[in-house]
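K.L.:
Provided below: model.txt, containing compact mmCIF, C-alpha atoms.
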# COMPACT_ATOMS: atom_id res chain seq x y z
CA MET A 33 -29.05 65.70 -199.84
CA ILE A 34 -30.50 62.63 -198.10
CA LYS A 35 -28.92 61.74 -194.76
CA VAL A 36 -29.71 58.65 -192.70
CA ILE A 37 -29.74 59.64 -189.02
CA LYS A 38 -30.80 56.26 -187.60
CA GLU A 39 -30.58 52.89 -189.31
CA GLY A 40 -32.41 49.66 -188.62
CA ILE A 41 -31.01 46.14 -188.93
CA SER A 42 -28.95 45.33 -192.00
CA ALA A 43 -30.33 43.71 -195.13
CA GLU A 44 -28.15 40.67 -194.39
CA GLN A 45 -29.66 40.25 -190.92
CA ALA A 46 -33.18 40.59 -192.32
CA ALA A 47 -32.45 38.01 -195.04
CA ASP A 48 -31.08 35.56 -192.47
CA MET A 49 -34.25 35.85 -190.37
CA ASP A 50 -36.42 35.44 -193.47
CA ALA A 51 -34.56 32.25 -194.40
CA LYS A 52 -35.20 30.75 -190.96
CA VAL A 53 -38.90 31.62 -191.17
CA LYS A 54 -39.11 30.07 -194.65
CA GLU A 55 -37.61 26.79 -193.47
CA ILE A 56 -39.95 26.51 -190.48
CA VAL A 57 -43.05 27.27 -192.55
CA GLU A 58 -42.10 24.75 -195.25
CA GLY A 59 -42.00 22.00 -192.63
CA ILE A 60 -45.32 22.99 -191.08
CA LEU A 61 -47.17 23.13 -194.41
CA ALA A 62 -45.74 19.78 -195.51
CA ASP A 63 -46.92 18.23 -192.25
CA ILE A 64 -50.45 19.64 -192.66
CA GLY A 65 -50.59 18.44 -196.25
CA GLU A 66 -49.60 14.94 -195.19
CA ARG A 67 -51.48 14.47 -191.90
CA GLY A 68 -54.35 16.96 -192.04
CA ASP A 69 -56.33 17.43 -188.82
CA ALA A 70 -53.83 15.49 -186.72
CA ALA A 71 -51.02 17.86 -187.68
CA VAL A 72 -53.22 20.92 -187.15
CA ARG A 73 -54.14 19.76 -183.66
CA GLU A 74 -50.53 19.03 -182.69
CA LEU A 75 -49.41 22.44 -183.99
CA SER A 76 -52.20 24.22 -182.16
CA GLU A 77 -51.23 22.44 -178.94
CA LYS A 78 -47.56 23.30 -179.48
CA PHE A 79 -47.89 26.97 -180.39
CA ASP A 80 -51.14 28.04 -178.69
CA ASN A 81 -51.67 25.38 -176.01
CA TRP A 82 -55.11 24.96 -177.56
CA SER A 83 -56.79 21.65 -178.40
CA PRO A 84 -60.59 21.84 -178.12
CA GLU A 85 -62.92 19.06 -179.16
CA SER A 86 -63.72 21.08 -182.29
CA PHE A 87 -61.84 24.10 -183.64
CA ARG A 88 -65.01 25.24 -185.38
CA LEU A 89 -67.32 27.21 -183.11
CA SER A 90 -70.94 26.12 -182.93
CA ASP A 91 -73.85 28.53 -183.31
CA GLU A 92 -74.40 28.29 -179.56
CA GLU A 93 -70.77 29.18 -178.81
CA ILE A 94 -70.95 32.15 -181.18
CA GLN A 95 -74.15 33.42 -179.62
CA ALA A 96 -72.70 33.01 -176.13
CA ALA A 97 -69.66 35.07 -177.13
CA VAL A 98 -71.91 37.88 -178.39
CA GLU A 99 -74.00 37.81 -175.20
CA ARG A 100 -70.92 38.16 -173.00
CA LEU A 101 -69.97 41.47 -174.61
CA PRO A 102 -71.07 44.84 -173.22
CA GLN A 103 -73.63 46.59 -175.41
CA GLN A 104 -71.18 49.46 -175.99
CA THR A 105 -68.66 47.05 -177.49
CA ILE A 106 -71.32 45.59 -179.79
CA ASP A 107 -72.38 49.08 -180.84
CA ASP A 108 -68.76 50.07 -181.53
CA ILE A 109 -68.16 46.96 -183.65
CA LYS A 110 -71.33 47.61 -185.63
CA PHE A 111 -70.39 51.28 -186.12
CA ALA A 112 -66.99 50.31 -187.53
CA GLN A 113 -68.55 47.67 -189.78
CA ALA A 114 -71.07 50.19 -191.09
CA GLN A 115 -68.22 52.49 -192.19
CA ILE A 116 -66.27 49.66 -193.81
CA ARG A 117 -69.37 48.24 -195.50
CA LYS A 118 -70.28 51.65 -196.90
CA PHE A 119 -66.89 52.22 -198.52
CA ALA A 120 -66.71 48.61 -199.76
CA GLU A 121 -70.11 48.99 -201.41
CA ILE A 122 -68.93 52.19 -203.11
CA GLN A 123 -65.91 50.30 -204.42
CA ARG A 124 -68.05 47.36 -205.56
CA ALA A 125 -70.34 49.71 -207.47
CA SER A 126 -67.32 51.02 -209.38
CA LEU A 127 -66.76 47.55 -210.89
CA GLN A 128 -69.07 47.34 -213.86
CA ASP A 129 -69.75 44.51 -216.29
CA VAL A 130 -69.23 45.65 -219.89
CA GLU A 131 -70.16 44.51 -223.38
CA GLU A 132 -69.43 46.45 -226.57
CA GLU A 133 -69.68 45.81 -230.30
CA THR A 134 -66.03 46.53 -231.06
CA SER A 135 -66.44 46.00 -234.80
CA PRO A 136 -69.49 44.96 -236.85
CA GLY A 137 -70.77 41.65 -235.48
CA VAL A 138 -68.06 41.28 -232.81
CA PHE A 139 -69.26 41.61 -229.23
CA LEU A 140 -66.65 41.61 -226.45
CA GLY A 141 -67.32 41.91 -222.76
CA HIS A 142 -66.29 41.07 -219.26
CA LYS A 143 -68.11 39.98 -216.15
CA ASN A 144 -66.98 40.54 -212.58
CA VAL A 145 -67.29 37.13 -210.90
CA PRO A 146 -66.62 36.68 -207.16
CA VAL A 147 -64.51 33.73 -206.04
CA ASN A 148 -66.58 30.94 -204.51
CA ASN A 149 -64.62 30.38 -201.29
CA ALA A 150 -62.40 32.66 -199.22
CA GLY A 151 -60.46 32.03 -196.03
CA CYS A 152 -59.85 35.00 -193.75
CA TYR A 153 -57.09 35.05 -191.18
CA ILE A 154 -57.62 37.34 -188.19
CA PRO A 155 -54.50 37.83 -186.02
CA GLY A 156 -55.16 37.58 -182.33
CA GLY A 157 -52.31 36.05 -180.40
CA LYS A 158 -50.72 39.10 -178.77
CA TYR A 159 -53.52 41.58 -179.53
CA PRO A 160 -57.12 40.59 -180.35
CA MET A 161 -57.30 42.18 -183.80
CA VAL A 162 -61.05 42.67 -183.93
CA ALA A 163 -60.81 45.09 -186.86
CA SER A 164 -59.25 42.46 -189.13
CA ALA A 165 -62.55 40.60 -189.09
CA HIS A 166 -64.33 43.61 -190.54
CA MET A 167 -61.64 44.19 -193.14
CA SER A 168 -61.57 40.65 -194.52
CA VAL A 169 -64.87 38.87 -193.84
CA LEU A 170 -67.10 41.88 -194.44
CA THR A 171 -65.25 42.92 -197.59
CA ALA A 172 -65.52 39.39 -199.00
CA LYS A 173 -69.25 39.33 -198.34
CA VAL A 174 -69.80 42.71 -200.01
CA ALA A 175 -67.87 41.35 -203.00
CA GLY A 176 -70.35 38.46 -203.21
CA VAL A 177 -68.23 35.51 -202.03
CA LYS A 178 -70.56 32.60 -201.29
CA ARG A 179 -68.54 30.85 -198.56
CA VAL A 180 -66.34 32.85 -196.23
CA ILE A 181 -64.55 31.07 -193.41
CA ALA A 182 -62.56 32.83 -190.71
CA CYS A 183 -59.81 31.73 -188.35
CA ALA A 184 -58.44 33.54 -185.30
CA PRO A 185 -56.13 32.11 -182.64
CA PRO A 186 -57.15 31.76 -179.02
CA HIS A 187 -56.46 34.80 -176.86
CA ASP A 188 -55.66 34.23 -173.19
CA GLY A 189 -56.49 30.55 -173.61
CA LYS A 190 -59.91 30.81 -175.25
CA PRO A 191 -61.74 32.30 -178.26
CA ASN A 192 -61.84 36.07 -178.00
CA ASP A 193 -65.48 37.12 -177.67
CA ALA A 194 -65.07 40.40 -179.55
CA ILE A 195 -63.31 38.76 -182.49
CA VAL A 196 -65.96 36.03 -182.64
CA ALA A 197 -68.74 38.64 -182.57
CA ALA A 198 -67.04 40.71 -185.27
CA MET A 199 -66.63 37.68 -187.55
CA HIS A 200 -70.26 36.74 -186.93
CA PHE A 201 -71.67 40.24 -187.56
CA ALA A 202 -69.51 40.51 -190.69
CA GLY A 203 -71.18 37.40 -192.12
CA ALA A 204 -68.65 34.57 -191.71
CA ASP A 205 -70.15 31.22 -192.71
CA GLU A 206 -67.71 29.17 -190.60
CA ILE A 207 -65.74 30.43 -187.60
CA TYR A 208 -62.69 28.59 -186.23
CA CYS A 209 -60.57 29.26 -183.17
CA LEU A 210 -57.27 28.36 -184.80
CA GLY A 211 -54.16 30.45 -185.33
CA GLY A 212 -50.84 30.79 -187.09
CA VAL A 213 -49.49 28.79 -189.99
CA GLN A 214 -51.69 25.86 -188.97
CA ALA A 215 -54.80 27.97 -189.62
CA VAL A 216 -53.60 29.31 -192.95
CA GLY A 217 -52.42 25.87 -194.05
CA ALA A 218 -55.68 24.18 -193.03
CA MET A 219 -57.77 26.70 -194.96
CA ALA A 220 -55.65 26.47 -198.09
CA LEU A 221 -54.86 22.75 -198.16
CA GLY A 222 -58.01 21.46 -196.52
CA THR A 223 -58.25 18.76 -193.86
CA GLU A 224 -60.75 16.08 -192.96
CA THR A 225 -62.93 18.70 -191.24
CA ILE A 226 -62.12 21.93 -193.12
CA ALA A 227 -62.98 22.17 -196.80
CA PRO A 228 -60.27 24.08 -198.72
CA VAL A 229 -60.76 27.63 -199.96
CA ASP A 230 -59.91 29.25 -203.27
CA MET A 231 -58.32 32.35 -201.75
CA LEU A 232 -56.55 33.41 -198.54
CA VAL A 233 -56.69 36.93 -197.16
CA GLY A 234 -55.69 38.81 -194.04
CA PRO A 235 -52.60 40.14 -192.30
CA GLY A 236 -50.37 38.27 -189.91
CA ASN A 237 -46.89 37.89 -188.47
CA ALA A 238 -43.83 36.89 -190.47
CA PHE A 239 -44.77 33.19 -190.32
CA VAL A 240 -48.32 33.77 -191.58
CA ALA A 241 -47.06 36.03 -194.37
CA GLU A 242 -44.51 33.41 -195.41
CA ALA A 243 -47.18 30.69 -195.37
CA LYS A 244 -49.31 32.74 -197.73
CA ARG A 245 -46.30 33.25 -200.00
CA GLN A 246 -45.61 29.51 -200.15
CA LEU A 247 -49.28 28.67 -200.75
CA PHE A 248 -49.75 31.23 -203.52
CA GLY A 249 -50.52 29.39 -206.73
CA ARG A 250 -52.33 26.56 -205.02
CA VAL A 251 -54.71 29.26 -203.81
CA GLY A 252 -55.00 32.95 -204.53
CA ILE A 253 -53.93 35.48 -201.94
CA ASP A 254 -54.79 39.09 -201.39
CA LEU A 255 -51.22 40.35 -201.01
CA PHE A 256 -48.18 40.01 -198.78
CA ALA A 257 -49.34 41.77 -195.64
CA GLY A 258 -47.15 41.89 -192.58
CA PRO A 259 -45.32 42.73 -190.46
CA THR A 260 -46.77 46.22 -190.09
CA GLU A 261 -44.81 49.15 -191.52
CA THR A 262 -45.28 52.87 -190.98
CA LEU A 263 -43.67 55.93 -192.52
CA ILE A 264 -44.13 59.43 -191.14
CA ILE A 265 -43.46 62.22 -193.63
CA ALA A 266 -43.25 65.48 -191.73
CA ASP A 267 -41.85 69.00 -191.88
CA GLU A 268 -41.41 71.76 -189.32
CA THR A 269 -45.20 72.11 -188.96
CA CYS A 270 -45.26 68.77 -187.11
CA ASP A 271 -44.14 68.49 -183.50
CA GLY A 272 -42.08 65.79 -181.85
CA GLU A 273 -44.90 64.54 -179.63
CA MET A 274 -47.19 63.77 -182.56
CA ALA A 275 -44.42 62.21 -184.67
CA ALA A 276 -43.26 60.01 -181.79
CA THR A 277 -46.80 58.99 -180.84
CA ASP A 278 -47.60 57.93 -184.39
CA LEU A 279 -44.32 56.06 -184.86
CA LEU A 280 -44.65 54.10 -181.62
CA GLY A 281 -48.37 53.59 -182.18
CA GLN A 282 -47.56 51.34 -185.11
CA ALA A 283 -44.28 49.93 -183.77
CA GLU A 284 -46.29 48.23 -181.02
CA HIS A 285 -47.66 45.77 -183.60
CA GLY A 286 -44.55 43.63 -183.22
CA PRO A 287 -40.82 43.65 -182.50
CA ASN A 288 -40.06 43.55 -186.23
CA SER A 289 -42.41 46.36 -187.32
CA PRO A 290 -40.46 49.08 -189.17
CA ALA A 291 -41.26 52.68 -188.20
CA ILE A 292 -39.56 55.45 -190.16
CA LEU A 293 -39.45 59.23 -189.82
CA LEU A 294 -38.77 61.03 -193.10
CA THR A 295 -38.36 64.77 -192.67
CA ASN A 296 -36.65 67.93 -193.87
CA SER A 297 -36.53 69.40 -190.36
CA ALA A 298 -33.44 68.83 -188.21
CA LYS A 299 -35.35 70.22 -185.24
CA LEU A 300 -38.10 67.63 -185.67
CA VAL A 301 -35.46 64.88 -185.74
CA GLU A 302 -34.10 66.01 -182.39
CA ASP A 303 -37.51 66.59 -180.83
CA THR A 304 -38.86 63.24 -182.00
CA GLN A 305 -35.90 61.28 -180.63
CA LYS A 306 -36.31 62.94 -177.22
CA GLU A 307 -40.05 62.34 -177.25
CA ILE A 308 -39.64 58.67 -178.17
CA GLU A 309 -37.34 58.15 -175.19
CA LYS A 310 -39.88 59.90 -172.97
CA GLN A 311 -42.90 57.96 -174.24
CA LEU A 312 -41.17 54.59 -174.03
CA LYS A 313 -40.89 55.11 -170.27
CA VAL A 314 -44.68 55.17 -169.88
CA LEU A 315 -46.15 53.38 -172.91
CA PRO A 316 -47.76 50.10 -171.72
CA THR A 317 -46.58 48.32 -174.88
CA ALA A 318 -43.05 49.73 -174.68
CA ASP A 319 -41.51 46.25 -174.51
CA VAL A 320 -42.64 45.59 -178.08
CA ALA A 321 -42.61 49.12 -179.50
CA GLY A 322 -39.20 49.87 -177.99
CA LYS A 323 -37.59 46.80 -179.52
CA ALA A 324 -39.18 47.53 -182.90
CA TRP A 325 -37.87 51.09 -182.77
CA ALA A 326 -34.39 50.00 -181.65
CA ASP A 327 -34.03 47.29 -184.32
CA TYR A 328 -36.16 48.55 -187.21
CA GLY A 329 -36.71 52.25 -186.59
CA GLN A 330 -35.14 54.74 -188.99
CA ILE A 331 -34.80 58.50 -189.29
CA ILE A 332 -34.01 60.03 -192.68
CA LEU A 333 -33.30 63.74 -193.14
CA CYS A 334 -33.84 65.36 -196.53
CA ASP A 335 -33.36 68.86 -197.89
CA THR A 336 -36.43 69.16 -200.10
CA GLU A 337 -39.94 67.81 -200.58
CA GLU A 338 -38.82 66.33 -203.89
CA GLU A 339 -36.23 64.25 -202.04
CA MET A 340 -38.86 63.21 -199.53
CA VAL A 341 -41.13 61.96 -202.32
CA ALA A 342 -38.26 60.02 -203.91
CA GLU A 343 -37.33 58.41 -200.60
CA ALA A 344 -40.93 57.61 -199.77
CA ASP A 345 -41.39 55.89 -203.12
CA ARG A 346 -38.18 53.93 -202.58
CA ILE A 347 -39.36 52.78 -199.14
CA ALA A 348 -42.86 51.94 -200.47
CA SER A 349 -44.30 51.71 -196.97
CA GLU A 350 -47.56 50.08 -195.99
CA HIS A 351 -48.82 53.14 -194.07
CA VAL A 352 -47.69 56.65 -194.98
CA GLN A 353 -48.76 59.47 -192.70
CA VAL A 354 -48.18 62.95 -194.13
CA MET A 355 -47.94 65.82 -191.67
CA THR A 356 -46.60 68.69 -193.73
CA ARG A 357 -47.64 72.17 -194.74
CA ASP A 358 -49.06 70.79 -198.02
CA PRO A 359 -50.11 67.11 -197.75
CA GLN A 360 -51.79 67.33 -201.16
CA TYR A 361 -48.34 67.57 -202.77
CA PHE A 362 -47.56 64.03 -201.63
CA LEU A 363 -50.93 62.68 -202.78
CA ASP A 364 -50.28 64.24 -206.19
CA ASN A 365 -46.70 62.99 -206.53
CA MET A 366 -46.20 59.74 -204.60
CA THR A 367 -46.71 56.43 -206.42
CA ASN A 368 -45.64 53.68 -203.97
CA TYR A 369 -47.68 53.31 -200.78
CA GLY A 370 -50.31 51.08 -199.22
CA ALA A 371 -52.46 53.89 -197.85
CA LEU A 372 -51.98 57.62 -197.30
CA PHE A 373 -53.14 59.50 -194.20
CA LEU A 374 -53.16 63.17 -195.07
CA GLY A 375 -52.73 65.79 -192.37
CA PRO A 376 -52.34 65.66 -188.59
CA GLU A 377 -56.11 65.37 -188.12
CA THR A 378 -56.06 61.74 -189.25
CA ASN A 379 -53.78 58.85 -188.37
CA VAL A 380 -53.09 55.20 -189.11
CA ALA A 381 -55.15 54.02 -186.15
CA TYR A 382 -58.28 55.45 -187.80
CA GLY A 383 -57.57 53.35 -190.88
CA ASP A 384 -56.69 50.32 -188.79
CA LYS A 385 -59.89 50.32 -186.78
CA VAL A 386 -62.86 52.35 -187.88
CA ILE A 387 -62.87 54.96 -190.65
CA GLY A 388 -63.80 52.67 -193.54
CA THR A 389 -60.72 52.13 -195.71
CA ASN A 390 -59.22 48.65 -195.52
CA HIS A 391 -56.29 48.02 -193.21
CA THR A 392 -54.89 44.96 -194.98
CA LEU A 393 -52.15 46.63 -197.00
CA PRO A 394 -48.97 45.72 -198.91
CA THR A 395 -45.67 45.40 -197.04
CA LYS A 396 -42.06 44.55 -197.92
CA LEU A 397 -42.04 46.74 -201.06
CA ALA A 398 -45.20 45.14 -202.48
CA ALA A 399 -46.72 48.64 -202.68
CA ARG A 400 -44.64 49.05 -205.84
CA TYR A 401 -47.10 46.79 -207.68
CA THR A 402 -50.30 46.37 -205.69
CA GLY A 403 -52.73 48.24 -203.50
CA GLY A 404 -54.44 46.90 -200.41
CA LEU A 405 -57.33 44.52 -199.84
CA TRP A 406 -60.64 45.65 -201.31
CA VAL A 407 -63.70 44.06 -202.89
CA GLY A 408 -61.89 43.84 -206.21
CA LYS A 409 -59.38 41.37 -204.76
CA PHE A 410 -62.20 38.84 -204.34
CA ILE A 411 -63.46 39.33 -207.89
CA LYS A 412 -62.27 37.77 -211.13
CA THR A 413 -62.78 39.99 -214.17
CA CYS A 414 -63.51 37.35 -216.82
CA THR A 415 -63.81 38.15 -220.51
CA TYR A 416 -66.14 36.64 -223.11
CA GLN A 417 -66.89 37.04 -226.81
CA ARG A 418 -69.72 36.37 -229.22
CA VAL A 419 -69.52 36.79 -233.01
CA THR A 420 -72.09 36.85 -235.81
CA PRO A 421 -71.71 34.55 -238.87
CA GLU A 422 -70.81 37.53 -241.05
CA ALA A 423 -68.16 38.72 -238.62
CA THR A 424 -66.56 35.29 -238.13
CA ALA A 425 -66.06 34.92 -241.88
CA ARG A 426 -64.24 38.25 -241.93
CA ILE A 427 -62.26 37.88 -238.66
CA GLY A 428 -61.34 34.28 -239.52
CA GLU A 429 -59.37 35.33 -242.61
CA TYR A 430 -57.19 37.66 -240.53
CA CYS A 431 -56.77 34.99 -237.88
CA SER A 432 -55.81 32.34 -240.43
CA ARG A 433 -53.02 34.46 -241.89
CA LEU A 434 -51.69 35.40 -238.43
CA CYS A 435 -51.67 31.75 -237.34
CA ALA A 436 -49.75 30.79 -240.50
CA LEU A 437 -47.26 33.56 -239.71
CA GLU A 438 -46.50 31.79 -236.41
CA GLY A 439 -46.58 28.30 -237.87
CA MET A 440 -49.48 27.24 -235.65
CA GLU A 441 -51.40 25.03 -238.07
CA GLY A 442 -53.96 23.76 -235.54
CA HIS A 443 -54.94 27.33 -234.71
CA LYS A 444 -55.16 28.12 -238.44
CA ALA A 445 -57.49 25.17 -238.94
CA GLN A 446 -59.88 26.56 -236.34
CA ALA A 447 -60.08 29.85 -238.21
CA ASP A 448 -60.27 28.24 -241.67
CA LEU A 449 -63.21 26.05 -240.63
CA ARG A 450 -65.23 29.14 -239.64
CA VAL A 451 -64.33 30.94 -242.83
CA THR A 452 -65.37 27.96 -244.96
CA ARG A 453 -68.55 27.28 -243.03
CA TYR A 454 -69.86 30.82 -242.63
CA LYS A 455 -68.56 32.71 -245.68
CA GLU A 456 -71.25 31.41 -247.99
CA ARG A 457 -73.95 32.25 -245.44
CA ALA A 458 -72.59 35.77 -245.17
CA ALA A 459 -72.54 36.28 -248.95
Using structure tokens, write down the structure that the file contains.
P.N.:
Amino acid sequence: MIKVIKEGISAEQAADMDAKVKEIVEGILADIGERGDAAVRELSEKFDNWSPESFRLSDEEIQAAVERLPQQTIDDIKFAQAQIRKFAEIQRASLQDVEEETSPGVFLGHKNVPVNNAGCYIPGGKYPMVASAHMSVLTAKVAGVKRVIACAPPHDGKPNDAIVAAMHFAGADEIYCLGGVQAVGAMALGTETIAPVDMLVGPGNAFVAEAKRQLFGRVGIDLFAGPTETLIIADETCDGEMAATDLLGQAEHGPNSPAILLTNSAKLVEDTQKEIEKQLKVLPTADVAGKAWADYGQIILCDTEEEMVAEADRIASEHVQVMTRDPQYFLDNMTNYGALFLGPETNVAYGDKVIGTNHTLPTKLAARYTGGLWVGKFIKTCTYQRVTPEATARIGEYCSRLCALEGMEGHKAQADLRVTRYKERAA
């Protein structure tokens, strides 16, 4: 039996907040579409108190940001990017162009074609999300995108040096200190000074995620990513300290970040609740993590592993950390998740920052139908065909009859012309 020990906010409350976000974002995007740079500047002044002469950083500003960083920080950024590049290159190598002769004289194939322009959003208002630069810019470049632009908001009143360095080392062609919906809207819609992109990628808060949703269709997007979600699946082999640490470690992303404990151990429920109270007294980000846990945190108690799998697939969380006696069981049986972290030796922070898998992952049930950001998201798999004269005379007769079956006479004429023109040559 599945028993909910702690509930988060109601679906009605969540829907009401979503509606307010939607209305605000609609107004912002309409303003950017109408007034371009002027609207972007006003929005940046309003939300970030930031209005530089140019939002785009010059080569000199980028180099100065790199030079201000300690060598250890540069080395750490480059280490993380090496891991992410390595896994992205492995993924890119798995995407192969194909061409086969599927029947005599009929050659069908596909090519993997990168998009030409991508815009990467790197969150950085509350926390300077350096890792998001690796995950988006670097992945786009490994995919072969020709022009990659990147936007991150000012942090503490200026461009964050580490984010700028990470975007630069990852290969960004244009770097802007610009945040929020105004950044996403400028990249997608274009302004007098920012050429529009074909695709938007990157995580963000509820407003950024909603902006991407509203812009989808005008541009491509990677997925709906944000706010951060985490699900801990644990049994009696996990202790309360580790469960609480990993729940709060992701809850600190924002006050609306769901964190859920799914377990078949009543003892772990009790121990985790006590440990959360204890850790919130000393955690430096307790103001955010504590509110997220109070409003969005959940605890669900199950009887069996089968129930835990069913609940996990229903929740379809962005991050799923498995700390059970047999983590492989969940890898073998779960179907809805952004990324799995198997065993207590790993954790979501590794995936977020350094280990090599991408941290831009589906949220709000999107894991039911998509995985996370990877090189394949930047690539269009485009088909083509070529046919010999002999084959077109044969295929055309089938096509003609099928077109007539549907009453599509113009289509039938296309097929009939090939049959007439090439049949004699084939004879």
K.L.:
Nearest to Gly322 of chain A among A:Ala445, A:Gly157, A:Leu280, A:Val341, with distances taken over all atoms listed in the file: which residue is it?
P.N.:
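Of all the options, A:Leu280 lies closest to Gly322 of chain A.
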K.L.:
Pick from A:Glu132, A:Ala120, A:Leu140, A:Pro185: nearest to Asn81 of chain A, with only C-alpha atoms counted?
P.N.:
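Going through A:Glu132, A:Ala120, A:Leu140, A:Pro185 one by one, the smallest distance to Asn81 of chain A is for A:Pro185.
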K.L.:
Which residues are near Val301 of chain A? Cut-off 9 Å, only C-alpha atoms, ignore same chain within fewer than 3 positions. Put them as a list of chain:residue names.
P.N.:
A:Ile37, A:Gly272, A:Leu293, A:Leu294, A:Thr295, A:Asn296, A:Ser297, A:Ala298, A:Thr304, A:Gln305, A:Lys306, A:Ile331, A:Ile332, A:Leu333
K.L.:
To one decimal place, how far is atom CA of Gly408 of chain A from atom CA of Asn390 of chain A in Å?
P.N.:
12.0 Å
K.L.:
Which residues, written as a VMD selection string, have at least one atom at most 10 Å from Asp205 of chain A, with only C-alpha atoms counted and residues fewer than 2 positions away on the same chain left out?
P.N.:
chain A and resid 169 173 178 to 182 199 to 200 202 to 203 207
K.L.:
What lies within 10 Å of segment 350-365 of chain A using all atoms listed in the file, ignoring chain neighbours under 6 positions off, as JSON, numbers by chain?
P.N.:
{"A": [257, 258, 259, 260, 261, 262, 263, 264, 265, 266, 267, 268, 269, 270, 271, 274, 275, 278, 279, 282, 290, 291, 292, 293, 294, 295, 296, 337, 338, 340, 341, 342, 344, 371, 372, 373, 374, 375, 376, 377, 378, 379, 380, 383, 384, 391, 392, 393, 394, 395, 396, 397, 398, 399, 403, 404]}
K.L.:
Rounded to one decimal in Å, what is the spacing between atom CA of Gly68 of chain A and atom CA of Gly222 of chain A?
P.N.:
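So the answer is 7.3 Å.
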K.L.:
Restricting the calculation to all atoms listed in the file, which member of A:Met440, A:Ala172, A:Val53, A:Val320 is positioned closest to Asn148 of chain A?
P.N.:
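Of all the options, A:Ala172 lies closest to Asn148 of chain A.
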K.L.:
What separation in Å, quoted to one decimal, exists between atom CA of Gly370 of chain A and atom CA of Ala348 of chain A?
P.N.:
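Going from atom CA of Gly370 of chain A over to atom CA of Ala348 of chain A covers 7.6 Å.
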K.L.:
For Arg426 of chain A, which residue among A:Leu315, A:Val36, A:Val138, A:Ala175 is the nearest when counting all atoms listed in the file?
P.N.:
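Nearest to Arg426 of chain A: A:Val138.
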K.L.:
For each of A:Glu242, A:Asp303, A:Asp345, A:Glu422, take the minimum atom-to-atom distance to Lys52 of chain A, counting only C-alpha atoms, then give the residue where this is smallest.
P.N.:
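That would be A:Glu242, the residue with the smallest distance to Lys52 of chain A.
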K.L.:
Closest to Pro191 of chain A among A:Ala70, A:Ala283, A:Ile253, A:Ala97, using only C-alpha atoms?
P.N.:
A:Ala97
K.L.:
Which residues come within 12 Å of Ala46 of chain A, counting only C-alpha atoms, excluding same-chain residues fewer than 4 positions away, as an mmCIF file with C-alpha atoms, keeping the file's coordinate frame?
P.N.:
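In the end it all went to selection26.cif:
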data_model
loop_
_atom_site.group_PDB
_atom_site.id
_atom_site.type_symbol
_atom_site.label_atom_id
_atom_site.label_comp_id
_atom_site.auth_asym_id
_atom_site.auth_seq_id
_atom_site.Cartn_x
_atom_site.Cartn_y
_atom_site.Cartn_z
ATOM 1 C CA GLY A 40 -32.410 49.660 -188.620
ATOM 2 C CA ILE A 41 -31.010 46.140 -188.930
ATOM 3 C CA SER A 42 -28.950 45.330 -192.000
ATOM 4 C CA ASP A 50 -36.420 35.440 -193.470
ATOM 5 C CA ALA A 51 -34.560 32.250 -194.400
ATOM 6 C CA LYS A 52 -35.200 30.750 -190.960
ATOM 7 C CA VAL A 53 -38.900 31.620 -191.170
ATOM 8 C CA ALA A 238 -43.830 36.890 -190.470
ATOM 9 C CA ASN A 288 -40.060 43.550 -186.230
ATOM 10 C CA SER A 289 -42.410 46.360 -187.320
ATOM 11 C CA PRO A 290 -40.460 49.080 -189.170
ATOM 12 C CA ASP A 327 -34.030 47.290 -184.320
ATOM 13 C CA TYR A 328 -36.160 48.550 -187.210
ATOM 14 C CA LYS A 396 -42.060 44.550 -197.920
#
K.L.:
Could you pull the residues within 10 Å of Gly137 of chain A, counting all atoms listed in the file, minus those fewer than 3 positions along the same chain, as a ChimeraX atom specification?
P.N.:
/A:133-134,140,418-424,426-427
K.L.:
With 10 Å as the threshold, what does the neighbourhood of (-52.2, 27.3, -179.2) contain in terms of residues, counting all atoms listed in the file? Coordinates are those of the file; answer as a list in words.
P.N.:
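Returned residue set, sorted by chain then number, is Arg73, Glu74, Leu75, Ser76, Glu77, Lys78, Phe79, Asp80, Asn81, Trp82, Ser83, Gly157, Pro185, Pro186, His187, Asp188, Gly189, Lys190, Cys209, Leu210, Gly211, Gly212 and Gln214 of chain A.
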K.L.:
For the residues in the current selection, export C-alpha atoms as a compact mmCIF listing (two decimals), in the frame of the given file.
P.N.:
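Saved as selection_1.txt:
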# COMPACT_ATOMS: atom_id res chain seq x y z
CA ARG A 73 -54.14 19.76 -183.66
CA GLU A 74 -50.53 19.03 -182.69
CA LEU A 75 -49.41 22.44 -183.99
CA SER A 76 -52.20 24.22 -182.16
CA GLU A 77 -51.23 22.44 -178.94
CA LYS A 78 -47.56 23.30 -179.48
CA PHE A 79 -47.89 26.97 -180.39
CA ASP A 80 -51.14 28.04 -178.69
CA ASN A 81 -51.67 25.38 -176.01
CA TRP A 82 -55.11 24.96 -177.56
CA SER A 83 -56.79 21.65 -178.40
CA GLY A 157 -52.31 36.05 -180.40
CA PRO A 185 -56.13 32.11 -182.64
CA PRO A 186 -57.15 31.76 -179.02
CA HIS A 187 -56.46 34.80 -176.86
CA ASP A 188 -55.66 34.23 -173.19
CA GLY A 189 -56.49 30.55 -173.61
CA LYS A 190 -59.91 30.81 -175.25
CA CYS A 209 -60.57 29.26 -183.17
CA LEU A 210 -57.27 28.36 -184.80
CA GLY A 211 -54.16 30.45 -185.33
CA GLY A 212 -50.84 30.79 -187.09
CA GLN A 214 -51.69 25.86 -188.97
